[in-house]
Amino acid sequence: MPKSRTTNKRRRATRSRARGTRARNGSGRDDAISLLKADHREVERLFGEFESARSRDRQRELAERICEALKVHTEIEEEIFYPAFLEATDDTDVHHEAEIEHAGAKHLISEIEATGPRDDHFEARVTVLREMIRHHVKEEEQRGGMFSEAQKSDMDLQELGRQLHERKLELMGESPEGGAERSGRRMPPPQSRSRRGGRELRARSS
Ligand SMILES: [Fe+2]
Ligand SMILES: [Fe+2]
């Protein structure tokens, strides 16, 4: 039918235009933003499990997983995503605020790791960490926040997604199946941060 052929043609044109828009900064299912958002959801899920955990052992296990996941996540953002964001947008306000929030979270993470569940303040520390992360994730994901600014910029989000994924696996012990605690390997030492792109870091570390 001529009518349906026209409709199909229009649909194809719309899909093609949509693909063109995505291709400009490479956003898609496995781009940088999708990867970082998936990390956020995973940590939120672990915090939820921590809240309903009954035993100290389970709480300790979950706190370890939360700390590990957050260390890897903040590391890949600081090494790869944040410098690329700053270079593309020059938005020092958003960038520096995010870095300071990471520093606060990392301080609390090191306290949780050093003290463990026997400490009187263990649960309070995990609760405050959850609140800090909730605030930080909102800042990154909200309208006008870092991620939406990145999507409007000319950042190559597809390539950055590839770099983030690669570095994440490296920090987790190069095992796509499990984390550092499962593979029994510790995180490699953190690399230099800010204003250094992922490519440069990889070249320096190889
Ligand atoms: Fe994040
Ligand atoms: Fe972040």
# chains A, B, ... in the order shown; residues from 1 in each chain; ligands from 1
$ residues_around --residues "A:Ser148" --least-positions-apart "2" --cutoff "12 Å" --atoms "only C-alpha atoms" --output "MDAnalysis selection string"
chainID A and resid 27 32:34 37 85 89 94 138:146 150:155 157
$ residues_near_ligand --ligand "ligand 1" --cutoff "9 Å" --atoms "only C-alpha atoms and all ligand atoms" --output "VMD selection string"
chain A and resid 36 to 37 39 to 40 70 73 to 74 77 98 133 136 to 137 140 to 141
$ write_last_selection --atoms "C-alpha atoms" --output "CSV table (one decimal), in the first residue's frame"
chain,number,residue,atom,x,y,z
A,36,LEU,CA,28.7,5.4,35.1
A,37,LYS,CA,24.9,5.3,35.7
A,39,ASP,CA,27.7,1.8,38.6
A,40,HIS,CA,25.5,4.3,40.5
A,70,LEU,CA,33.0,3.3,45.1
A,73,HIS,CA,34.0,4.2,40.3
A,74,THR,CA,35.6,7.4,41.7
A,77,GLU,CA,35.7,9.1,36.9
A,98,ALA,CA,32.5,16.8,42.1
A,133,ILE,CA,26.8,9.4,47.6
A,136,HIS,CA,26.7,13.3,44.6
A,137,VAL,CA,24.9,11.0,42.2
A,140,GLU,CA,25.9,14.1,38.4
A,141,GLU,CA,22.6,12.9,36.9
$ residues_around --residues "stretch 113-119 of chain A" --least-positions-apart "2" --cutoff "8 Å" --atoms "only C-alpha atoms" --output "VMD selection string"
chain A and resid 56 59 to 60 64 67 109 to 111 121 to 123
$ closest_residue --among "A:Glu101, A:Glu44, A:Glu79, A:Asp93" --to "ligand 2" --atoms "only C-alpha atoms and all ligand atoms"
A:Glu101
$ closest_residue --among "A:Ala84, A:Leu62, A:Ala105, A:Leu164" --to "ligand 2" --atoms "only C-alpha atoms and all ligand atoms"
A:Ala105
$ closest_residue --among "A:Met172, A:Ile80, A:Leu86, A:Ala124" --to "A:Arg65" --atoms "only C-alpha atoms"
A:Met172
$ closest_residue --among "A:Pro83, A:Thr127, A:Glu75, A:Glu97" --to "A:Glu51" --atoms "only C-alpha atoms"
A:Thr127
$ atom_distance --atom1 "atom CA of A:His135" --atom2 "atom CA of A:Leu35"
18.9 Å
